[in-house]
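Source file: start_25.pdb (PDB, C-alpha atoms and all ligand atoms)
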ATOM      1  CA  MET A 114      -0.232   7.582  24.514
ATOM      2  CA  SER A 115       2.006   9.855  22.467
ATOM      3  CA  ALA A 116       5.379   9.284  24.133
ATOM      4  CA  VAL A 117       8.493   9.301  21.993
ATOM      5  CA  PRO A 118       9.129   5.690  20.929
ATOM      6  CA  SER A 119      12.332   3.961  22.055
ATOM      7  CA  LYS A 120      12.678   2.788  18.443
ATOM      8  CA  ILE A 121      10.857   2.361  15.185
ATOM      9  CA  VAL A 122      11.177  -1.152  13.777
ATOM     10  CA  CYS A 123      10.783  -1.270   9.999
ATOM     11  CA  VAL A 124      10.113  -4.161   7.677
ATOM     12  CA  GLY A 125      11.672  -4.365   4.227
ATOM     13  CA  ARG A 126      10.360  -6.364   1.241
ATOM     14  CA  SER A 127       7.090  -7.277   2.933
ATOM     15  CA  TYR A 128       5.031  -7.063  -0.278
ATOM     16  CA  ALA A 129       6.081  -9.288  -3.179
ATOM     17  CA  ALA A 130       5.451  -6.679  -5.886
ATOM     18  CA  HIS A 131       7.717  -4.159  -4.132
ATOM     19  CA  ALA A 132      10.542  -6.678  -3.615
ATOM     20  CA  GLN A 133      10.337  -7.418  -7.351
ATOM     21  CA  GLU A 134      10.319  -3.767  -8.461
ATOM     22  CA  LEU A 135      13.723  -3.224  -6.779
ATOM     23  CA  GLY A 136      15.093  -6.512  -8.103
ATOM     24  CA  ASN A 137      15.115  -8.238  -4.700
ATOM     25  CA  ALA A 138      14.176 -11.853  -3.976
ATOM     26  CA  ILE A 139      11.072 -12.643  -1.898
ATOM     27  CA  PRO A 140      12.494 -13.068   1.627
ATOM     28  CA  ASP A 141      11.995 -16.278   3.625
ATOM     29  CA  GLN A 142      12.262 -14.281   6.857
ATOM     30  CA  PRO A 143      11.239 -10.632   7.441
ATOM     31  CA  VAL A 144      13.935  -8.065   6.590
ATOM     32  CA  LEU A 145      14.184  -5.780   9.639
ATOM     33  CA  PHE A 146      15.908  -2.496  10.342
ATOM     34  CA  ILE A 147      15.511   0.245  12.938
ATOM     35  CA  LYS A 148      15.059   3.987  12.835
ATOM     36  CA  PRO A 149      16.024   5.948  15.975
ATOM     37  CA  PRO A 150      13.631   8.372  17.711
ATOM     38  CA  SER A 151      15.640  11.240  16.166
ATOM     39  CA  SER A 152      14.362  10.215  12.722
ATOM     40  CA  LEU A 153      10.760  10.981  13.665
ATOM     41  CA  VAL A 154       8.874  14.052  12.463
ATOM     42  CA  SER A 155       5.172  14.773  12.265
ATOM     43  CA  LEU A 156       3.394  14.959   8.948
ATOM     44  CA  ALA A 157       2.613  18.626   9.566
ATOM     45  CA  GLU A 158       6.329  19.494   9.459
ATOM     46  CA  GLY A 159       6.508  18.362   5.848
ATOM     47  CA  ILE A 160       9.278  16.520   4.058
ATOM     48  CA  ASP A 161      12.884  17.642   3.804
ATOM     49  CA  TRP A 162      16.329  16.082   3.457
ATOM     50  CA  ASN A 163      19.891  17.025   2.645
ATOM     51  CA  ARG A 164      19.787  17.205  -1.170
ATOM     52  CA  ALA A 165      23.543  16.548  -1.307
ATOM     53  CA  LEU A 166      22.704  12.940  -0.352
ATOM     54  CA  GLY A 167      20.829  12.266  -3.591
ATOM     55  CA  GLN A 168      17.329  11.048  -4.369
ATOM     56  CA  CYS A 169      14.814  10.463  -1.587
ATOM     57  CA  HIS A 170      12.053   7.915  -2.254
ATOM     58  CA  HIS A 171       8.606   7.766  -0.670
ATOM     59  CA  GLU A 172       7.555   4.473   0.944
ATOM     60  CA  CYS A 173       4.014   4.726   2.302
ATOM     61  CA  GLU A 174       3.403   2.155   5.048
ATOM     62  CA  LEU A 175       0.801   1.056   7.556
ATOM     63  CA  SER A 176       2.341   1.774  10.953
ATOM     64  CA  LEU A 177       1.447   0.185  14.274
ATOM     65  CA  ARG A 178       1.851   1.561  17.779
ATOM     66  CA  ILE A 179       2.699  -1.030  20.423
ATOM     67  CA  ASP A 180       0.830  -0.450  23.687
ATOM     68  CA  ARG A 181       1.811  -3.602  25.596
ATOM     69  CA  PRO A 182       5.275  -5.136  26.044
ATOM     70  CA  LEU A 183       6.263  -7.921  23.646
ATOM     71  CA  LYS A 184       9.293 -10.110  24.143
ATOM     72  CA  ASN A 185       9.966 -13.590  22.716
ATOM     73  CA  VAL A 186       6.295 -14.047  21.867
ATOM     74  CA  THR A 187       5.485 -17.019  19.639
ATOM     75  CA  ASP A 188       1.697 -16.773  19.403
ATOM     76  CA  PRO A 189       0.689 -14.426  16.546
ATOM     77  CA  LYS A 190      -2.641 -13.655  18.234
ATOM     78  CA  GLU A 191      -0.921 -12.612  21.437
ATOM     79  CA  ALA A 192       1.501 -10.457  19.442
ATOM     80  CA  LEU A 193      -1.302  -8.759  17.538
ATOM     81  CA  ALA A 194      -3.126  -7.953  20.785
ATOM     82  CA  ALA A 195      -0.260  -5.626  21.760
ATOM     83  CA  VAL A 196      -1.186  -3.164  19.001
ATOM     84  CA  GLY A 197      -3.025  -0.134  20.370
ATOM     85  CA  ALA A 198      -3.233   2.222  17.410
ATOM     86  CA  VAL A 199      -2.536   2.491  13.685
ATOM     87  CA  THR A 200      -1.660   5.222  11.238
ATOM     88  CA  LEU A 201       0.077   5.768   7.922
ATOM     89  CA  GLY A 202       3.729   6.673   7.739
ATOM     90  CA  LEU A 203       6.441   7.434   5.233
ATOM     91  CA  ASP A 204       9.655   5.424   5.479
ATOM     92  CA  LEU A 205      11.790   7.934   3.567
ATOM     93  CA  THR A 206      14.711   6.303   1.833
ATOM     94  CA  LEU A 207      17.810   7.852   0.280
ATOM     95  CA  ARG A 208      17.719   5.459  -2.658
ATOM     96  CA  ASP A 209      21.030   6.453  -4.268
ATOM     97  CA  GLN A 210      22.773   5.976  -0.930
ATOM     98  CA  GLN A 211      20.978   2.694  -0.269
ATOM     99  CA  ASP A 212      21.986   1.301  -3.665
ATOM    100  CA  LEU A 213      25.602   2.188  -2.912
ATOM    101  CA  LEU A 214      25.456   0.650   0.580
ATOM    102  CA  LYS A 215      23.885  -2.551  -0.773
ATOM    103  CA  LYS A 216      26.680  -2.845  -3.348
ATOM    104  CA  LYS A 217      29.306  -2.431  -0.632
ATOM    105  CA  GLY A 218      27.486  -4.832   1.708
ATOM    106  CA  GLN A 219      27.187  -2.114   4.327
ATOM    107  CA  PRO A 220      24.329  -1.397   6.784
ATOM    108  CA  TRP A 221      21.408   0.753   5.566
ATOM    109  CA  GLU A 222      21.271   3.310   8.380
ATOM    110  CA  ARG A 223      22.670   6.186   6.320
ATOM    111  CA  ALA A 224      19.856   5.696   3.815
ATOM    112  CA  LYS A 225      17.037   4.848   6.221
ATOM    113  CA  ALA A 226      17.677   6.285   9.688
ATOM    114  CA  PHE A 227      18.586   9.892   8.918
ATOM    115  CA  ASP A 228      16.890  12.878  10.572
ATOM    116  CA  GLY A 229      13.344  13.274   9.278
ATOM    117  CA  SER A 230      13.258   9.818   7.656
ATOM    118  CA  CYS A 231      10.240   8.650   9.665
ATOM    119  CA  ILE A 232       7.060  10.624   9.105
ATOM    120  CA  LEU A 233       3.937   9.546  10.954
ATOM    121  CA  ALA A 234       0.360  10.802  10.692
ATOM    122  CA  ASP A 235      -2.040  10.894  13.676
ATOM    123  CA  TRP A 236      -2.633   7.721  15.641
ATOM    124  CA  ILE A 237      -6.049   6.094  15.290
ATOM    125  CA  SER A 238      -7.236   3.907  18.122
ATOM    126  CA  LEU A 239      -7.579   0.235  17.351
ATOM    127  CA  ASP A 240     -11.279   0.305  18.180
ATOM    128  CA  GLN A 241     -11.679   1.974  14.778
ATOM    129  CA  VAL A 242     -10.132  -1.064  13.051
ATOM    130  CA  PRO A 243     -12.433  -4.083  12.527
ATOM    131  CA  ALA A 244      -9.605  -6.315  11.195
ATOM    132  CA  LEU A 245      -5.897  -5.442  10.967
ATOM    133  CA  ASP A 246      -5.390  -7.971   8.181
ATOM    134  CA  GLN A 247      -7.983  -6.189   6.021
ATOM    135  CA  VAL A 248      -6.720  -2.613   5.926
ATOM    136  CA  GLN A 249      -6.042  -0.740   2.679
ATOM    137  CA  PHE A 250      -4.116   2.450   2.033
ATOM    138  CA  LYS A 251      -2.973   4.600  -0.838
ATOM    139  CA  LEU A 252      -0.558   7.411  -1.575
ATOM    140  CA  GLU A 253      -1.315  10.029  -4.194
ATOM    141  CA  ILE A 254       1.234  12.612  -5.279
ATOM    142  CA  ASN A 255       0.026  15.686  -7.157
ATOM    143  CA  ASP A 256      -3.347  13.904  -7.583
ATOM    144  CA  GLN A 257      -1.805  10.793  -9.174
ATOM    145  CA  LEU A 258      -2.042   7.369  -7.522
ATOM    146  CA  ARG A 259       1.484   6.101  -6.772
ATOM    147  CA  GLN A 260       1.098   3.384  -4.168
ATOM    148  CA  HIS A 261      -1.726   1.129  -3.052
ATOM    149  CA  GLY A 262      -1.345  -1.307  -0.161
ATOM    150  CA  ASP A 263      -3.486  -3.996   1.420
ATOM    151  CA  THR A 264      -2.408  -5.810   4.591
ATOM    152  CA  GLY A 265      -4.122  -8.933   3.211
ATOM    153  CA  LEU A 266      -1.264  -9.104   0.682
ATOM    154  CA  LEU A 267       1.597  -9.031   3.213
ATOM    155  CA  ILE A 268       4.061 -11.905   2.794
ATOM    156  CA  PHE A 269       4.177 -12.222   6.609
ATOM    157  CA  LYS A 270       0.828 -11.520   8.285
ATOM    158  CA  LEU A 271       0.929  -8.872  11.004
ATOM    159  CA  GLY A 272       0.630 -11.154  14.052
ATOM    160  CA  ALA A 273       3.388 -13.473  12.832
ATOM    161  CA  LEU A 274       5.491 -10.441  11.911
ATOM    162  CA  LEU A 275       5.253  -8.912  15.397
ATOM    163  CA  ALA A 276       6.029 -12.274  17.032
ATOM    164  CA  GLU A 277       9.088 -12.609  14.802
ATOM    165  CA  ILE A 278      10.268  -9.060  15.610
ATOM    166  CA  SER A 279       9.915  -9.789  19.344
ATOM    167  CA  GLN A 280      12.467 -12.602  19.061
ATOM    168  CA  ASN A 281      15.251 -10.075  18.418
ATOM    169  CA  PHE A 282      13.855  -6.790  19.736
ATOM    170  CA  SER A 283      11.657  -6.444  22.772
ATOM    171  CA  LEU A 284       8.911  -4.000  21.892
ATOM    172  CA  ILE A 285       7.952  -1.615  24.646
ATOM    173  CA  PRO A 286       4.869   0.604  24.877
ATOM    174  CA  GLY A 287       5.175   3.525  22.486
ATOM    175  CA  ASP A 288       7.389   1.658  20.000
ATOM    176  CA  VAL A 289       6.345   1.816  16.363
ATOM    177  CA  VAL A 290       6.412  -0.879  13.693
ATOM    178  CA  MET A 291       6.361   0.226  10.048
ATOM    179  CA  THR A 292       5.032  -2.777   8.167
ATOM    180  CA  GLY A 293       6.650  -2.233   4.788
ATOM    181  CA  THR A 294       5.815  -0.590   1.516
ATOM    182  CA  PRO A 295       3.795  -1.810  -1.443
ATOM    183  CA  ALA A 296       5.030  -1.332  -5.016
ATOM    184  CA  GLY A 297       5.228   2.115  -6.602
ATOM    185  CA  VAL A 298       8.093   3.743  -4.696
ATOM    186  CA  GLY A 299       9.733   6.677  -6.427
ATOM    187  CA  PRO A 300      11.666   9.926  -5.983
ATOM    188  CA  LEU A 301      10.208  13.001  -4.279
ATOM    189  CA  GLU A 302      10.564  16.475  -5.783
ATOM    190  CA  SER A 303      10.357  19.893  -4.137
ATOM    191  CA  GLY A 304       6.767  21.132  -4.172
ATOM    192  CA  ASP A 305       5.195  17.648  -4.390
ATOM    193  CA  GLN A 306       1.812  17.470  -2.644
ATOM    194  CA  LEU A 307       1.243  14.141  -0.920
ATOM    195  CA  LYS A 308      -2.118  12.692   0.083
ATOM    196  CA  MET A 309      -2.362   9.474   2.098
ATOM    197  CA  THR A 310      -5.675   7.646   2.615
ATOM    198  CA  LEU A 311      -6.358   4.821   5.063
ATOM    199  CA  THR A 312      -9.436   2.646   4.422
ATOM    200  CA  GLY A 313     -10.972  -0.548   5.776
ATOM    201  CA  LEU A 314     -11.581   1.180   9.132
ATOM    202  CA  LYS A 315     -14.931   2.302  10.515
ATOM    203  CA  GLN A 316     -14.312   5.519   8.587
ATOM    204  CA  ASP A 317     -11.699   6.654   6.075
ATOM    205  CA  PHE A 318      -8.791   8.852   7.165
ATOM    206  CA  VAL A 319      -6.978  11.268   4.854
ATOM    207  CA  TRP A 320      -3.779  13.236   5.490
ATOM    208  CA  THR A 321      -1.800  15.633   3.344
ATOM    209  CA  THR A 322       1.724  17.019   3.439
ATOM    210  CA  GLN A 323       4.274  18.466   1.050
ATOM    211  CA  VAL A 324       7.921  18.355   0.089
ATOM    212  CA  HIS A 325       9.876  21.513   1.005
TER     213      HIS A 325
HETATM  214 ZN    ZN B   1       9.960   0.774   3.908
END
Just give me the structure of the file as structure tokens.
Ligand code: ZN
Amino acid sequence: MSAVPSKIVCVGRSYAAHAQELGNAIPDQPVLFIKPPSSLVSLAEGIDWNRALGQCHHECELSLRIDRPLKNVTDPKEALAAVGAVTLGLDLTLRDQQDLLKKKGQPWERAKAFDGSCILADWISLDQVPALDQVQFKLEINDQLRQHGDTGLLIFKLGALLAEISQNFSLIPGDVVMTGTPAGVGPLESGDQLKMTLTGLKQDFVWTTQVH
């Protein structure tokens, strides 16, 4: 299944250390926002944005593909069973713009939903994943470790998270959920070489891309 998703649902502040690094409180309910299908590009296309909009931060995130419809689900197990594939993605964020929008109390779309803001690697079938709550990933830039995530450390575990999302947004097959970034976000520079590694699966997966 590689259809264009109807939407990409993203989770903010899902790891405590990341919420703290941006000076945000630990949320008592998941922070959700949506990227449109027009934000999606493949990893092979590389990373680009309108430099006039200021700094663009990397947020490396475990991403889930929904293969079965979810609407108003309350059972976390049932919600988790709708996941058909996983991969790593980059929730690109125009941090200068986001800081300004937060100050003004305005929505985040300008900073989060712009063209090219959602970068996804190849989907890996769930049969490669022994346990979704025990998946690790890392992002290296120019051979330096920048981010390291572990779904065991999520404030809201994945099943509960999907059930919660389905209260507001029905998820339809092909939709994507980006589960939030661990600490270590930072600005991208032209020429940066990015390497993302997904572990805790039956085998490790590695992807690379670069900033134009
Ligand atoms: Zn994010």
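For the atom pair formed by atom CA of A:Leu314 and atom CA of A:Val242, the distance is 4.7 Å, given to one decimal.
A straight line drawn from atom CA of A:Pro140 to atom CA of A:Arg259 is 23.6 Å long.
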- prompt: So which residues touch A:Ser127 within 8 Å, counting all atoms listed in the file, skipping near sequence neighbours fewer than 2 positions away, as an MDAnalysis selection string?
  reply: chainID A and resid 124:125 129 131:132 143:144 267:269 292:295
message: I'd like the residues picked by the PyMOL selection byres (((chain A and resi 224) around 7) and not hetatm) written out as an MDAnalysis selection string, using the chain letters and numbers from the file.
response: chainID A and resid 206:208 210:211 221:223 225:227
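Around the point (3.3, 17.7, 2.1), within 9 Å and counting only C-alpha atoms, we find these residues: Leu156, Ala157, Glu158, Gly159, Ile160, Gly304, Asp305, Gln306, Leu307, Lys308, Thr321, Thr322, Gln323, Val324 and His325 of chain A.
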I need the chosen residues saved as a compact mmCIF listing (two decimals), keeping the file's coordinate frame, with C-alpha atoms.
# COMPACT_ATOMS: atom_id res chain seq x y z
CA LEU A 156 3.39 14.96 8.95
CA ALA A 157 2.61 18.63 9.57
CA GLU A 158 6.33 19.49 9.46
CA GLY A 159 6.51 18.36 5.85
CA ILE A 160 9.28 16.52 4.06
CA GLY A 304 6.77 21.13 -4.17
CA ASP A 305 5.20 17.65 -4.39
CA GLN A 306 1.81 17.47 -2.64
CA LEU A 307 1.24 14.14 -0.92
CA LYS A 308 -2.12 12.69 0.08
CA THR A 321 -1.80 15.63 3.34
CA THR A 322 1.72 17.02 3.44
CA GLN A 323 4.27 18.47 1.05
CA VAL A 324 7.92 18.36 0.09
CA HIS A 325 9.88 21.51 1.00
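Between atom CA of A:Cys123 and atom CA of A:Arg164 lies a distance of 23.4 Å.
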